[in-house]
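Peer 1: Input file: structure.cif. Contents: mmCIF, C-alpha atoms.
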data_entry
#
loop_
_atom_site.group_PDB
_atom_site.id
_atom_site.type_symbol
_atom_site.label_atom_id
_atom_site.label_comp_id
_atom_site.auth_asym_id
_atom_site.auth_seq_id
_atom_site.Cartn_x
_atom_site.Cartn_y
_atom_site.Cartn_z
ATOM 1 C CA MET A 20 -19.888 90.034 166.673
ATOM 2 C CA VAL A 21 -18.130 90.461 163.366
ATOM 3 C CA GLU A 22 -15.432 87.970 162.566
ATOM 4 C CA VAL A 23 -11.849 89.163 162.186
ATOM 5 C CA ASN A 24 -11.606 87.962 158.587
ATOM 6 C CA MET A 25 -14.776 89.841 157.652
ATOM 7 C CA MET A 26 -13.426 93.011 159.294
ATOM 8 C CA ILE A 27 -10.153 92.699 157.329
ATOM 9 C CA TYR A 28 -12.068 92.313 154.051
ATOM 10 C CA ILE A 29 -14.288 95.308 154.805
ATOM 11 C CA LEU A 30 -11.306 97.517 155.696
ATOM 12 C CA SER A 31 -9.318 96.447 152.632
ATOM 13 C CA ALA A 32 -12.326 97.151 150.394
ATOM 14 C CA LEU A 33 -12.681 100.580 152.015
ATOM 15 C CA VAL A 34 -8.994 101.336 151.422
ATOM 16 C CA ALA A 35 -9.270 100.195 147.797
ATOM 17 C CA LEU A 36 -12.379 102.334 147.230
ATOM 18 C CA LEU A 37 -10.776 105.427 148.763
ATOM 19 C CA SER A 38 -7.605 104.969 146.715
ATOM 20 C CA VAL A 39 -9.625 104.678 143.489
ATOM 21 C CA LEU A 40 -11.520 107.864 144.369
ATOM 22 C CA LEU A 41 -8.309 109.722 145.155
ATOM 23 C CA ILE A 42 -6.617 108.619 141.932
ATOM 24 C CA SER A 43 -9.654 109.548 139.841
ATOM 25 C CA GLN A 44 -9.745 113.033 141.381
ATOM 26 C CA LYS A 45 -6.042 113.555 140.740
ATOM 27 C CA VAL A 46 -6.436 112.500 137.117
ATOM 28 C CA ARG A 47 -9.360 114.878 136.606
ATOM 29 C CA ARG A 48 -7.560 117.844 138.169
ATOM 30 C CA ARG A 49 -4.380 117.328 136.181
ATOM 31 C CA LYS A 50 -4.226 119.644 133.206
ATOM 32 C CA GLN A 51 -3.457 117.644 130.130
ATOM 33 C CA MET A 52 -1.982 120.024 127.601
ATOM 34 C CA LEU A 53 -1.206 118.176 124.419
ATOM 35 C CA VAL A 54 1.840 119.757 122.854
ATOM 36 C CA ASP A 55 1.785 119.917 119.090
ATOM 37 C CA PRO A 56 5.348 119.096 117.992
ATOM 38 C CA TRP A 57 4.890 121.020 114.745
ATOM 39 C CA GLU A 58 4.119 124.302 116.511
ATOM 40 C CA THR A 59 6.913 124.209 119.050
ATOM 41 C CA ARG A 60 10.425 125.349 118.234
ATOM 42 C CA ALA A 61 13.350 123.043 118.344
ATOM 43 C CA PRO A 62 15.684 123.544 121.308
ATOM 44 C CA SER A 63 18.527 125.890 120.496
ATOM 45 C CA PRO A 64 21.989 124.339 120.484
ATOM 46 C CA LYS A 65 24.380 125.166 123.266
ATOM 47 C CA LYS A 66 27.022 127.860 122.920
ATOM 48 C CA LYS A 67 29.779 125.288 123.238
ATOM 49 C CA MET A 68 28.662 123.707 120.005
ATOM 50 C CA TYR A 69 28.850 127.059 118.215
ATOM 51 C CA ALA A 70 32.348 127.676 119.553
ATOM 52 C CA LYS A 71 33.573 124.414 118.085
ATOM 53 C CA GLU A 72 32.069 125.221 114.692
ATOM 54 C CA ARG A 73 33.529 128.724 114.546
ATOM 55 C CA MET A 74 37.096 127.678 115.268
ATOM 56 C CA ALA A 75 38.997 127.851 112.023
ATOM 57 C CA ILE A 76 41.292 124.996 111.204
ATOM 58 C CA PRO A 77 44.796 126.422 110.762
ATOM 59 C CA ARG A 78 46.134 125.891 107.271
ATOM 60 C CA MET A 79 49.534 124.431 106.700
ATOM 61 C CA VAL A 80 51.378 127.340 105.090
ATOM 62 C CA PRO A 81 55.094 127.299 104.372
ATOM 63 C CA PRO A 82 57.136 129.760 106.415
ATOM 64 C CA PRO A 83 57.906 133.148 104.871
ATOM 65 C CA ALA A 84 60.846 133.486 102.485
ATOM 66 C CA TYR A 85 62.933 135.668 104.811
ATOM 67 C CA LEU A 86 63.406 132.740 107.144
ATOM 68 C CA PHE A 87 65.263 130.844 104.438
ATOM 69 C CA ARG A 88 67.752 133.621 103.618
ATOM 70 C CA ARG A 89 71.256 132.983 104.852
ATOM 71 C CA GLN A 90 73.122 135.910 106.235
#
I'd like the structure from this file rewritten - as structure tokens, please.
Peer 2:
Amino acid sequence: MVEVNMMIYILSALVALLSVLLISQKVRRRKQMLVDPWETRAPSPKKKMYAKERMAIPRMVPPPAYLFRRQ
């Protein structure tokens, strides 16, 4: 009969071999598209950023002259 230790080694080697085969198949099937950073467009900024830029800063203007007239 086969010893228990030998059976454990054989089964662990079988598991290791099957896992290597599975990983190698997954790597081969995976499509590796290399993205050229010079051909892709930059992500567009969010609308919130535009809203902050478009807001005009109110100028400090003195009140109109008619407010200073005494009646």
Peer 1: Can you tell me how far CA of Met26 (chain A) sits from CA of Leu41 (chain A), in Å to one decimal?
Peer 2: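 Between CA of Met26 (chain A) and CA of Leu41 (chain A) the gap works out to 22.5 Å.
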Peer 1: Separation of CA of Leu33 (chain A) and CA of Arg48 (chain A), in Å?
Peer 2: 22.7 Å
Peer 1: The centre and edge lengths of an axis-aligned box containing all atoms of region 24-36 of chain A present in the file, extended by 4 Å on each side, are to be given in Å to one decimal, as AutoDock Vina command-line options.
Peer 2:
--center_x -11.9 --center_y 95.1 --center_z 153.3 --size_x 13.8 --size_y 22.4 --size_z 20.1
